[in-house]
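Here's data-v4.pdb, which has PDB, C-alpha atoms, pLDDT in the B column:
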```pdb
ATOM      1  CA  MET X 596      -8.295  26.259  -0.271  1.00 40.00           C
ATOM      2  CA  ALA X 597      -7.905  23.486  -2.846  1.00 41.00           C
ATOM      3  CA  VAL X 598      -6.992  20.982  -0.157  1.00 40.00           C
ATOM      4  CA  ASP X 599     -10.016  22.007   1.924  1.00 44.00           C
ATOM      5  CA  ALA X 600     -12.279  21.591  -1.097  1.00 41.00           C
ATOM      6  CA  VAL X 601     -11.007  18.103  -1.769  1.00 41.00           C
ATOM      7  CA  THR X 602     -11.337  17.155   1.898  1.00 45.00           C
ATOM      8  CA  ASN X 603     -14.906  18.432   2.053  1.00 49.00           C
ATOM      9  CA  THR X 604     -15.817  16.640  -1.172  1.00 45.00           C
ATOM     10  CA  ASN X 605     -14.421  13.373   0.129  1.00 51.00           C
ATOM     11  CA  ALA X 606     -16.338  13.776   3.393  1.00 53.00           C
ATOM     12  CA  VAL X 607     -19.610  14.400   1.566  1.00 50.00           C
ATOM     13  CA  SER X 608     -18.936  11.502  -0.782  1.00 51.00           C
ATOM     14  CA  GLY X 609     -18.204   9.203   2.133  1.00 58.00           C
ATOM     15  CA  THR X 610     -21.440  10.171   3.903  1.00 63.00           C
ATOM     16  CA  GLY X 611     -23.484   9.741   0.723  1.00 56.00           C
ATOM     17  CA  ARG X 612     -21.966   6.336   0.032  1.00 59.00           C
ATOM     18  CA  ALA X 613     -22.720   5.176   3.575  1.00 67.00           C
ATOM     19  CA  ARG X 614     -26.371   6.172   3.153  1.00 68.00           C
ATOM     20  CA  LEU X 615     -26.627   4.512  -0.262  1.00 62.00           C
ATOM     21  CA  ALA X 616     -25.059   1.329   1.099  1.00 67.00           C
ATOM     22  CA  GLU X 617     -27.543   1.302   3.984  1.00 72.00           C
ATOM     23  CA  ASN X 618     -30.476   1.800   1.608  1.00 69.00           C
ATOM     24  CA  PHE X 619     -29.133  -0.888  -0.695  1.00 68.00           C
ATOM     25  CA  ASP X 620     -28.928  -3.421   2.141  1.00 77.00           C
ATOM     26  CA  THR X 621     -32.435  -2.500   3.300  1.00 78.00           C
ATOM     27  CA  PHE X 622     -33.755  -2.895  -0.239  1.00 72.00           C
ATOM     28  CA  LEU X 623     -32.273  -6.385  -0.552  1.00 75.00           C
ATOM     29  CA  THR X 624     -33.753  -7.399   2.813  1.00 81.00           C
ATOM     30  CA  LEU X 625     -37.221  -6.182   1.864  1.00 76.00           C
ATOM     31  CA  LEU X 626     -37.112  -7.792  -1.569  1.00 74.00           C
ATOM     32  CA  THR X 627     -35.957 -11.126  -0.156  1.00 79.00           C
ATOM     33  CA  THR X 628     -38.665 -11.043   2.539  1.00 83.00           C
ATOM     34  CA  GLN X 629     -41.294 -10.217  -0.068  1.00 77.00           C
ATOM     35  CA  LEU X 630     -40.262 -13.167  -2.233  1.00 75.00           C
ATOM     36  CA  LYS X 631     -40.250 -15.569   0.707  1.00 79.00           C
ATOM     37  CA  ASN X 632     -43.710 -14.534   1.904  1.00 80.00           C
ATOM     38  CA  GLN X 633     -45.540 -14.110  -1.380  1.00 76.00           C
ATOM     39  CA  ASP X 634     -48.811 -15.994  -1.903  1.00 73.00           C
ATOM     40  CA  PRO X 635     -48.078 -19.114  -4.020  1.00 74.00           C
ATOM     41  CA  LEU X 636     -51.540 -18.779  -5.577  1.00 72.00           C
ATOM     42  CA  SER X 637     -50.957 -15.120  -6.384  1.00 72.00           C
ATOM     43  CA  PRO X 638     -47.227 -14.605  -6.880  1.00 71.00           C
ATOM     44  CA  MET X 639     -45.598 -11.236  -7.401  1.00 65.00           C
ATOM     45  CA  ASP X 640     -46.318  -9.645 -10.755  1.00 66.00           C
ATOM     46  CA  SER X 641     -43.341 -10.220 -13.082  1.00 65.00           C
ATOM     47  CA  THR X 642     -43.415  -6.612 -14.263  1.00 73.00           C
ATOM     48  CA  GLN X 643     -43.233  -5.318 -10.713  1.00 69.00           C
ATOM     49  CA  PHE X 644     -40.449  -7.783  -9.906  1.00 63.00           C
ATOM     50  CA  THR X 645     -38.449  -6.630 -12.931  1.00 70.00           C
ATOM     51  CA  GLN X 646     -38.867  -2.985 -11.942  1.00 74.00           C
ATOM     52  CA  GLN X 647     -37.570  -3.707  -8.464  1.00 67.00           C
ATOM     53  CA  LEU X 648     -34.553  -5.537  -9.875  1.00 67.00           C
ATOM     54  CA  VAL X 649     -33.835  -2.537 -12.113  1.00 72.00           C
ATOM     55  CA  GLN X 650     -34.045  -0.269  -9.061  1.00 70.00           C
ATOM     56  CA  MET X 651     -31.661  -2.529  -7.170  1.00 62.00           C
ATOM     57  CA  THR X 652     -29.164  -2.421 -10.049  1.00 70.00           C
ATOM     58  CA  GLY X 653     -29.501   1.358 -10.169  1.00 73.00           C
ATOM     59  CA  VAL X 654     -28.573   1.668  -6.506  1.00 64.00           C
ATOM     60  CA  GLU X 655     -25.554  -0.592  -7.037  1.00 67.00           C
ATOM     61  CA  GLN X 656     -24.412   1.533  -9.983  1.00 74.00           C
ATOM     62  CA  GLN X 657     -24.740   4.647  -7.837  1.00 71.00           C
ATOM     63  CA  LEU X 658     -22.402   3.093  -5.280  1.00 69.00           C
ATOM     64  CA  LEU X 659     -19.817   2.273  -7.954  1.00 73.00           C
ATOM     65  CA  THR X 660     -20.122   5.718  -9.527  1.00 73.00           C
ATOM     66  CA  ASN X 661     -19.545   7.393  -6.169  1.00 68.00           C
ATOM     67  CA  ASP X 662     -16.377   5.333  -5.651  1.00 70.00           C
ATOM     68  CA  LEU X 663     -15.051   6.312  -9.073  1.00 67.00           C
ATOM     69  CA  LEU X 664     -15.863   9.999  -8.547  1.00 64.00           C
ATOM     70  CA  GLU X 665     -14.167   9.970  -5.166  1.00 66.00           C
ATOM     71  CA  LYS X 666     -11.042   8.454  -6.703  1.00 64.00           C
ATOM     72  CA  LEU X 667     -11.088  11.011  -9.516  1.00 56.00           C
ATOM     73  CA  VAL X 668     -11.408  13.929  -7.090  1.00 55.00           C
ATOM     74  CA  SER X 669      -8.584  12.530  -4.984  1.00 58.00           C
ATOM     75  CA  ASN X 670      -6.273  12.081  -7.972  1.00 52.00           C
ATOM     76  CA  THR X 671      -7.056  15.529  -9.342  1.00 51.00           C
ATOM     77  CA  GLY X 672      -6.582  17.264  -6.025  1.00 50.00           C
ATOM     78  CA  THR X 673      -3.506  15.514  -4.661  1.00 53.00           C
ATOM     79  CA  GLY X 674      -2.056  13.336  -7.415  1.00 60.00           C
ATOM     80  CA  VAL X 675      -1.882  14.594 -10.979  1.00 68.00           C
ATOM     81  CA  ALA X 676      -1.944  18.295 -10.110  1.00 68.00           C
ATOM     82  CA  THR X 677       1.037  17.893  -7.774  1.00 71.00           C
ATOM     83  CA  ALA X 678       2.918  15.474 -10.016  1.00 75.00           C
ATOM     84  CA  VAL X 679       2.670  17.736 -13.078  1.00 79.00           C
ATOM     85  CA  SER X 680       4.535  20.443 -11.170  1.00 78.00           C
ATOM     86  CA  LEU X 681       7.502  18.040 -10.894  1.00 83.00           C
ATOM     87  CA  ILE X 682       8.153  17.874 -14.652  1.00 86.00           C
ATOM     88  CA  GLY X 683      11.648  19.172 -15.357  1.00 86.00           C
ATOM     89  CA  LYS X 684      12.778  18.850 -11.751  1.00 88.00           C
ATOM     90  CA  GLU X 685      15.455  16.536 -10.429  1.00 92.00           C
ATOM     91  CA  VAL X 686      14.075  14.052  -7.934  1.00 92.00           C
ATOM     92  CA  ARG X 687      14.914  10.913  -6.001  1.00 94.00           C
ATOM     93  CA  ALA X 688      12.456   8.031  -5.800  1.00 94.00           C
ATOM     94  CA  ASP X 689      12.349   4.819  -3.823  1.00 95.00           C
ATOM     95  CA  SER X 690      12.688   2.451  -6.808  1.00 95.00           C
ATOM     96  CA  ASP X 691      14.869  -0.474  -7.864  1.00 96.00           C
ATOM     97  CA  ALA X 692      14.020  -0.073 -11.575  1.00 95.00           C
ATOM     98  CA  ALA X 693      16.125   1.625 -14.234  1.00 95.00           C
ATOM     99  CA  ALA X 694      15.953   1.811 -18.004  1.00 95.00           C
ATOM    100  CA  LEU X 695      18.884   0.525 -20.020  1.00 95.00           C
ATOM    101  CA  LYS X 696      19.393   2.732 -23.050  1.00 93.00           C
ATOM    102  CA  GLY X 697      22.451   3.149 -25.210  1.00 90.00           C
ATOM    103  CA  GLY X 698      24.481   0.750 -23.079  1.00 92.00           C
ATOM    104  CA  LYS X 699      23.912   2.594 -19.806  1.00 94.00           C
ATOM    105  CA  ALA X 700      21.707   2.237 -16.734  1.00 95.00           C
ATOM    106  CA  GLU X 701      22.236   3.760 -13.307  1.00 95.00           C
ATOM    107  CA  TRP X 702      21.142   3.153  -9.734  1.00 96.00           C
ATOM    108  CA  THR X 703      21.954   4.755  -6.404  1.00 96.00           C
ATOM    109  CA  TYR X 704      22.004   2.567  -3.320  1.00 97.00           C
ATOM    110  CA  ASN X 705      22.660   3.148   0.343  1.00 96.00           C
ATOM    111  CA  LEU X 706      24.262   0.772   2.836  1.00 97.00           C
ATOM    112  CA  ASP X 707      23.102   1.329   6.403  1.00 96.00           C
ATOM    113  CA  ARG X 708      26.526   0.296   7.681  1.00 95.00           C
ATOM    114  CA  ALA X 709      29.773  -1.062   6.326  1.00 96.00           C
ATOM    115  CA  ALA X 710      29.545  -4.487   4.715  1.00 96.00           C
ATOM    116  CA  SER X 711      32.225  -7.105   4.120  1.00 95.00           C
ATOM    117  CA  ASP X 712      30.374  -8.807   1.268  1.00 96.00           C
ATOM    118  CA  VAL X 713      28.013  -7.165  -1.239  1.00 97.00           C
ATOM    119  CA  LYS X 714      26.421  -8.797  -4.260  1.00 97.00           C
ATOM    120  CA  LEU X 715      24.624  -6.683  -6.848  1.00 97.00           C
ATOM    121  CA  GLU X 716      22.293  -8.581  -9.169  1.00 97.00           C
ATOM    122  CA  ILE X 717      20.688  -7.006 -12.233  1.00 97.00           C
ATOM    123  CA  LEU X 718      17.375  -8.652 -13.153  1.00 97.00           C
ATOM    124  CA  ASP X 719      15.391  -8.494 -16.368  1.00 96.00           C
ATOM    125  CA  SER X 720      11.599  -8.041 -16.591  1.00 93.00           C
ATOM    126  CA  LYS X 721      11.107 -11.764 -15.909  1.00 94.00           C
ATOM    127  CA  GLY X 722      13.232 -11.737 -12.762  1.00 95.00           C
ATOM    128  CA  ARG X 723      16.187 -13.518 -14.360  1.00 95.00           C
ATOM    129  CA  VAL X 724      19.704 -12.496 -13.332  1.00 96.00           C
ATOM    130  CA  VAL X 725      21.535 -11.051 -16.331  1.00 96.00           C
ATOM    131  CA  ARG X 726      24.577  -9.718 -14.490  1.00 97.00           C
ATOM    132  CA  THR X 727      26.183 -10.144 -11.089  1.00 96.00           C
ATOM    133  CA  ILE X 728      28.576  -7.524  -9.731  1.00 95.00           C
ATOM    134  CA  ALA X 729      30.789  -7.659  -6.652  1.00 95.00           C
ATOM    135  CA  PRO X 730      31.799  -4.094  -5.717  1.00 95.00           C
ATOM    136  CA  THR X 731      34.924  -3.503  -3.633  1.00 93.00           C
ATOM    137  CA  ASP X 732      33.824  -0.246  -2.010  1.00 94.00           C
ATOM    138  CA  ASN X 733      31.349  -1.398   0.622  1.00 96.00           C
ATOM    139  CA  LYS X 734      31.564   1.325   3.229  1.00 96.00           C
ATOM    140  CA  ALA X 735      28.449   2.773   4.842  1.00 96.00           C
ATOM    141  CA  GLY X 736      26.635   5.455   2.880  1.00 95.00           C
ATOM    142  CA  GLU X 737      25.618   6.084  -0.708  1.00 96.00           C
ATOM    143  CA  HIS X 738      27.033   4.382  -3.759  1.00 96.00           C
ATOM    144  CA  LYS X 739      26.274   4.728  -7.448  1.00 95.00           C
ATOM    145  CA  LEU X 740      26.177   1.804  -9.868  1.00 95.00           C
ATOM    146  CA  THR X 741      26.610   2.454 -13.582  1.00 95.00           C
ATOM    147  CA  TRP X 742      25.910  -0.639 -15.667  1.00 95.00           C
ATOM    148  CA  ASP X 743      27.351  -0.927 -19.179  1.00 95.00           C
ATOM    149  CA  GLY X 744      24.486  -3.093 -20.438  1.00 95.00           C
ATOM    150  CA  LYS X 745      26.515  -6.277 -20.759  1.00 95.00           C
ATOM    151  CA  GLY X 746      25.422  -9.689 -19.504  1.00 94.00           C
ATOM    152  CA  GLN X 747      27.398 -12.366 -17.685  1.00 91.00           C
ATOM    153  CA  GLY X 748      29.095 -13.530 -20.872  1.00 89.00           C
ATOM    154  CA  GLY X 749      30.101 -10.019 -21.904  1.00 91.00           C
ATOM    155  CA  SER X 750      27.541  -9.645 -24.682  1.00 92.00           C
ATOM    156  CA  ASP X 751      25.170  -6.696 -24.914  1.00 94.00           C
ATOM    157  CA  VAL X 752      21.640  -7.222 -23.587  1.00 95.00           C
ATOM    158  CA  ALA X 753      18.536  -5.622 -25.058  1.00 95.00           C
ATOM    159  CA  ASP X 754      17.428  -2.165 -23.979  1.00 95.00           C
ATOM    160  CA  GLY X 755      14.553  -2.151 -21.518  1.00 95.00           C
ATOM    161  CA  THR X 756      13.689  -1.919 -17.848  1.00 96.00           C
ATOM    162  CA  TYR X 757      15.884  -3.763 -15.368  1.00 97.00           C
ATOM    163  CA  ALA X 758      15.818  -4.086 -11.582  1.00 97.00           C
ATOM    164  CA  LEU X 759      18.640  -4.078  -9.065  1.00 97.00           C
ATOM    165  CA  LYS X 760      18.775  -6.560  -6.193  1.00 97.00           C
ATOM    166  CA  ILE X 761      21.286  -6.154  -3.374  1.00 97.00           C
ATOM    167  CA  THR X 762      22.519  -8.767  -0.908  1.00 97.00           C
ATOM    168  CA  ALA X 763      24.845  -7.281   1.715  1.00 97.00           C
ATOM    169  CA  LYS X 764      26.364  -8.938   4.783  1.00 96.00           C
ATOM    170  CA  ASP X 765      28.788  -7.882   7.474  1.00 95.00           C
ATOM    171  CA  SER X 766      31.814  -9.828   8.719  1.00 93.00           C
ATOM    172  CA  GLU X 767      29.603 -11.937  10.981  1.00 94.00           C
ATOM    173  CA  GLY X 768      27.249 -12.902   8.176  1.00 94.00           C
ATOM    174  CA  SER X 769      24.383 -10.672   9.330  1.00 96.00           C
ATOM    175  CA  ALA X 770      22.348  -8.827   6.722  1.00 96.00           C
ATOM    176  CA  VAL X 771      23.150  -5.177   6.154  1.00 96.00           C
ATOM    177  CA  THR X 772      20.105  -2.983   5.511  1.00 96.00           C
ATOM    178  CA  ASN X 773      20.132  -1.270   2.137  1.00 96.00           C
ATOM    179  CA  LYS X 774      17.934   1.002   0.053  1.00 96.00           C
ATOM    180  CA  ILE X 775      17.825   1.483  -3.710  1.00 97.00           C
ATOM    181  CA  TYR X 776      16.930   4.797  -5.343  1.00 96.00           C
ATOM    182  CA  ALA X 777      16.342   6.211  -8.787  1.00 94.00           C
ATOM    183  CA  ASP X 778      17.754   9.709  -9.386  1.00 92.00           C
ATOM    184  CA  GLY X 779      16.922  11.820 -12.400  1.00 91.00           C
ATOM    185  CA  VAL X 780      14.743  14.447 -14.035  1.00 90.00           C
ATOM    186  CA  VAL X 781      10.972  13.958 -14.278  1.00 91.00           C
ATOM    187  CA  THR X 782       9.957  13.965 -17.946  1.00 90.00           C
ATOM    188  CA  GLY X 783       6.276  13.044 -17.805  1.00 91.00           C
ATOM    189  CA  VAL X 784       3.186  12.284 -15.719  1.00 89.00           C
ATOM    190  CA  GLU X 785       0.379   9.832 -16.387  1.00 87.00           C
ATOM    191  CA  GLN X 786      -2.454   7.988 -14.701  1.00 82.00           C
ATOM    192  CA  LYS X 787      -2.709   4.220 -14.777  1.00 83.00           C
ATOM    193  CA  ASP X 788      -5.359   2.097 -13.044  1.00 79.00           C
ATOM    194  CA  GLY X 789      -6.375   5.066 -10.919  1.00 75.00           C
ATOM    195  CA  SER X 790      -2.817   5.797  -9.720  1.00 83.00           C
ATOM    196  CA  THR X 791      -0.472   8.627 -10.683  1.00 87.00           C
ATOM    197  CA  PHE X 792       2.962   7.830 -12.100  1.00 91.00           C
ATOM    198  CA  ILE X 793       5.933   9.983 -13.081  1.00 91.00           C
ATOM    199  CA  THR X 794       8.391   9.110 -15.822  1.00 92.00           C
ATOM    200  CA  LEU X 795      11.880   8.990 -14.341  1.00 92.00           C
ATOM    201  CA  ASN X 796      14.814   7.896 -16.470  1.00 89.00           C
ATOM    202  CA  GLY X 797      12.415   6.238 -18.887  1.00 90.00           C
ATOM    203  CA  VAL X 798      10.656   4.213 -16.166  1.00 93.00           C
ATOM    204  CA  LEU X 799       7.194   4.731 -14.668  1.00 93.00           C
ATOM    205  CA  VAL X 800       7.440   5.275 -10.910  1.00 93.00           C
ATOM    206  CA  PRO X 801       4.503   5.873  -8.519  1.00 91.00           C
ATOM    207  CA  TRP X 802       4.689   9.557  -7.639  1.00 86.00           C
ATOM    208  CA  ASP X 803       4.158   8.820  -3.953  1.00 87.00           C
ATOM    209  CA  LYS X 804       7.493   6.943  -3.973  1.00 92.00           C
ATOM    210  CA  LEU X 805       9.364  10.259  -4.175  1.00 91.00           C
ATOM    211  CA  VAL X 806      11.683  10.863  -1.254  1.00 91.00           C
ATOM    212  CA  SER X 807      13.271  14.187  -2.296  1.00 91.00           C
ATOM    213  CA  ILE X 808      13.161  17.013  -4.818  1.00 88.00           C
ATOM    214  CA  ARG X 809      16.374  18.938  -5.355  1.00 77.00           C
ATOM    215  CA  GLN X 810      18.357  21.229  -7.604  1.00 62.00           C
ATOM    216  CA  PRO X 811      21.043  19.550  -9.772  1.00 54.00           C
ATOM    217  CA  ALA X 812      24.218  19.185  -7.741  1.00 58.00           C
ATOM    218  CA  GLU X 813      27.577  17.502  -8.119  1.00 56.00           C
ATOM    219  CA  SER X 814      27.430  13.881  -6.973  1.00 50.00           C
ATOM    220  CA  LYS X 815      29.350  13.036  -3.817  1.00 52.00           C
ATOM    221  CA  THR X 816      28.666   9.318  -3.792  1.00 52.00           C
ATOM    222  CA  ALA X 817      31.035   6.457  -4.496  1.00 56.00           C
ATOM    223  CA  THR X 818      30.636   5.018  -7.995  1.00 58.00           C
ATOM    224  CA  THR X 819      30.704   1.398  -9.109  1.00 64.00           C
ATOM    225  CA  SER X 820      30.949   1.029 -12.873  1.00 62.00           C
ATOM    226  CA  THR X 821      31.136  -2.107 -14.974  1.00 64.00           C
ATOM    227  CA  ASP X 822      34.192  -2.428 -17.154  1.00 54.00           C
ATOM    228  CA  PRO X 823      33.090  -2.666 -20.828  1.00 43.00           C
ATOM    229  CA  GLY X 824      36.091  -4.810 -21.679  1.00 42.00           C
ATOM    230  CA  SER X 825      35.748  -7.342 -18.859  1.00 40.00           C
ATOM    231  CA  THR X 826      33.477 -10.351 -18.436  1.00 37.00           C
ATOM    232  CA  ASP X 827      34.660 -11.122 -14.880  1.00 41.00           C
ATOM    233  CA  THR X 828      31.932  -9.950 -12.503  1.00 40.00           C
ATOM    234  CA  THR X 829      34.341  -9.808  -9.550  1.00 37.00           C
ATOM    235  CA  ASP X 830      36.677  -7.283 -11.178  1.00 38.00           C
ATOM    236  CA  ASP X 831      34.250  -4.408 -11.631  1.00 40.00           C
ATOM    237  CA  LYS X 832      35.929  -1.062 -11.301  1.00 40.00           C
ATOM    238  CA  THR X 833      35.098   1.066  -8.285  1.00 36.00           C
ATOM    239  CA  SER X 834      36.081   4.704  -8.229  1.00 35.00           C
ATOM    240  CA  SER X 835      35.102   7.896  -6.464  1.00 33.00           C
ATOM    241  CA  PRO X 836      34.204  11.153  -8.264  1.00 33.00           C
ATOM    242  CA  ALA X 837      37.386  12.732  -6.933  1.00 34.00           C
ATOM    243  CA  ALA X 838      39.496  10.115  -8.681  1.00 35.00           C
ATOM    244  CA  ALA X 839      37.583  10.338 -11.977  1.00 32.00           C
TER     245      ALA X 839
END
```
Take the structure in this file and express it as structure tokens.
Amino acid sequence: MAVDAVTNTNAVSGTGRARLAENFDTFLTLLTTQLKNQDPLSPMDSTQFTQQLVQMTGVEQQLLTNDLLEKLVSNTGTGVATAVSLIGKEVRADSDAAALKGGKAEWTYNLDRAASDVKLEILDSKGRVVRTIAPTDNKAGEHKLTWDGKGQGGSDVADGTYALKITAKDSEGSAVTNKIYADGVVTGVEQKDGSTFITLNGVLVPWDKLVSIRQPAESKTATTSTDPGSTDTTDDKTSSPAAA
């Protein structure tokens, strides 16, 4: 019923906006024609002209108000209301961002097929590479990267939001398709610039980027973790959960 109500409201709003837009265009045409054909010896009364300009502005404001109301109805019916129900649930989102906190940040990535060469680059908020990692487990499927928060030189970097960039190639040098995900528990929901976002691992993610909602389960993906005591980016430790 709620979905039907939102759909009907949007349909009515769309029809009303179309009519207002048509009236607005007609008003501008009439006003322009009136100005062009007015008697130079008896021009349009300034008071009347001002009133017509006020009416024109009023129509324009109605158009803008209708757009805002339509967006609000849409967000309430399909955005915020749905997103709020996700709080406390474990989800997966299509996102390359992760928050570094307490010397730890995690990503999950998927390789479409086996790769012979994979380069993982961790970027700061300005797009600068702060760490490069060369994992040794590059088989097809899911992998998990746990970053220890250290930069290229081995020193700790500041907490904040970082992005993961993956470059993967096969033995012939062709690119291997990959996807990056954020896994975690939703801790909040908010609206920003008319869009709905969820808070996932301390990072705002558009709620429509969700790809799955699931119950907590034991991970079955390969894990790549950075060695806290090493500054060599080619010697990062790769282990599977079974070996941990």
Shell around X:Val713 at 12 Å using only C-alpha atoms, local window under 3 positions removed, as a PDB file with C-alpha atoms, keeping the file's coordinate frame:
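See around38.pdb below for the written result:
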```pdb
ATOM      1  CA  TYR X 704      22.004   2.567  -3.320  1.00 97.00           C
ATOM      2  CA  ASN X 705      22.660   3.148   0.343  1.00 96.00           C
ATOM      3  CA  LEU X 706      24.262   0.772   2.836  1.00 97.00           C
ATOM      4  CA  ARG X 708      26.526   0.296   7.681  1.00 95.00           C
ATOM      5  CA  ALA X 709      29.773  -1.062   6.326  1.00 96.00           C
ATOM      6  CA  ALA X 710      29.545  -4.487   4.715  1.00 96.00           C
ATOM      7  CA  GLU X 716      22.293  -8.581  -9.169  1.00 97.00           C
ATOM      8  CA  THR X 727      26.183 -10.144 -11.089  1.00 96.00           C
ATOM      9  CA  ILE X 728      28.576  -7.524  -9.731  1.00 95.00           C
ATOM     10  CA  ALA X 729      30.789  -7.659  -6.652  1.00 95.00           C
ATOM     11  CA  PRO X 730      31.799  -4.094  -5.717  1.00 95.00           C
ATOM     12  CA  THR X 731      34.924  -3.503  -3.633  1.00 93.00           C
ATOM     13  CA  ASP X 732      33.824  -0.246  -2.010  1.00 94.00           C
ATOM     14  CA  ASN X 733      31.349  -1.398   0.622  1.00 96.00           C
ATOM     15  CA  LYS X 734      31.564   1.325   3.229  1.00 96.00           C
ATOM     16  CA  ALA X 735      28.449   2.773   4.842  1.00 96.00           C
ATOM     17  CA  HIS X 738      27.033   4.382  -3.759  1.00 96.00           C
ATOM     18  CA  LYS X 760      18.775  -6.560  -6.193  1.00 97.00           C
ATOM     19  CA  ILE X 761      21.286  -6.154  -3.374  1.00 97.00           C
ATOM     20  CA  THR X 762      22.519  -8.767  -0.908  1.00 97.00           C
ATOM     21  CA  ALA X 763      24.845  -7.281   1.715  1.00 97.00           C
ATOM     22  CA  LYS X 764      26.364  -8.938   4.783  1.00 96.00           C
ATOM     23  CA  ASP X 765      28.788  -7.882   7.474  1.00 95.00           C
ATOM     24  CA  SER X 766      31.814  -9.828   8.719  1.00 93.00           C
ATOM     25  CA  GLY X 768      27.249 -12.902   8.176  1.00 94.00           C
ATOM     26  CA  SER X 769      24.383 -10.672   9.330  1.00 96.00           C
ATOM     27  CA  ALA X 770      22.348  -8.827   6.722  1.00 96.00           C
ATOM     28  CA  VAL X 771      23.150  -5.177   6.154  1.00 96.00           C
ATOM     29  CA  THR X 772      20.105  -2.983   5.511  1.00 96.00           C
ATOM     30  CA  ASN X 773      20.132  -1.270   2.137  1.00 96.00           C
ATOM     31  CA  THR X 819      30.704   1.398  -9.109  1.00 64.00           C
ATOM     32  CA  THR X 829      34.341  -9.808  -9.550  1.00 37.00           C
TER      33      THR X 829
END
```
Next on the checklist: Under the PyMOL selection byres ((chain X and resi 681-697) around 7), which residues of this model are included? Write them out as a PyMOL selection string.
Outcome noted: chain X and resi 678-680+698-702+744+754-759+775-783+796-798+804-811
Checklist entry - Between atom CA of X:Asp803 and atom CA of X:Ser790, what is the spacing in Å? => result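 Pair atom CA of X:Ser790 / atom CA of X:Asp803 returns 9.5 Å.
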Item to check | For atom CA of X:Gly748 and atom CA of X:Leu715, the interatomic separation in Å (one decimal) | outcome: 16.2 Å
Box along x, y and z, 5 Å on every side, all listed atoms of stretch 684-699 of chain X inside: centre and edge lengths in Å to one decimal, as AutoDock Vina command-line options.
```
--center_x 18.4 --center_y 9.2 --center_z -14.5 --size_x 22.1 --size_y 29.3 --size_z 31.4
```
Next on the checklist: Just to confirm, what's the straight-line distance from atom CA of X:Ala753 to atom CA of X:Val784 in Å (one decimal)?
Outcome noted: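 Here the two named atoms are 25.4 Å from each other.
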Item to check | Contacts of X:Glu785 within 10 Å, only C-alpha atoms, excl. fewer than 4 positions in-chain, as a ChimeraX atom specification | outcome: /X:674-675,678-679,789-794,799,801-802
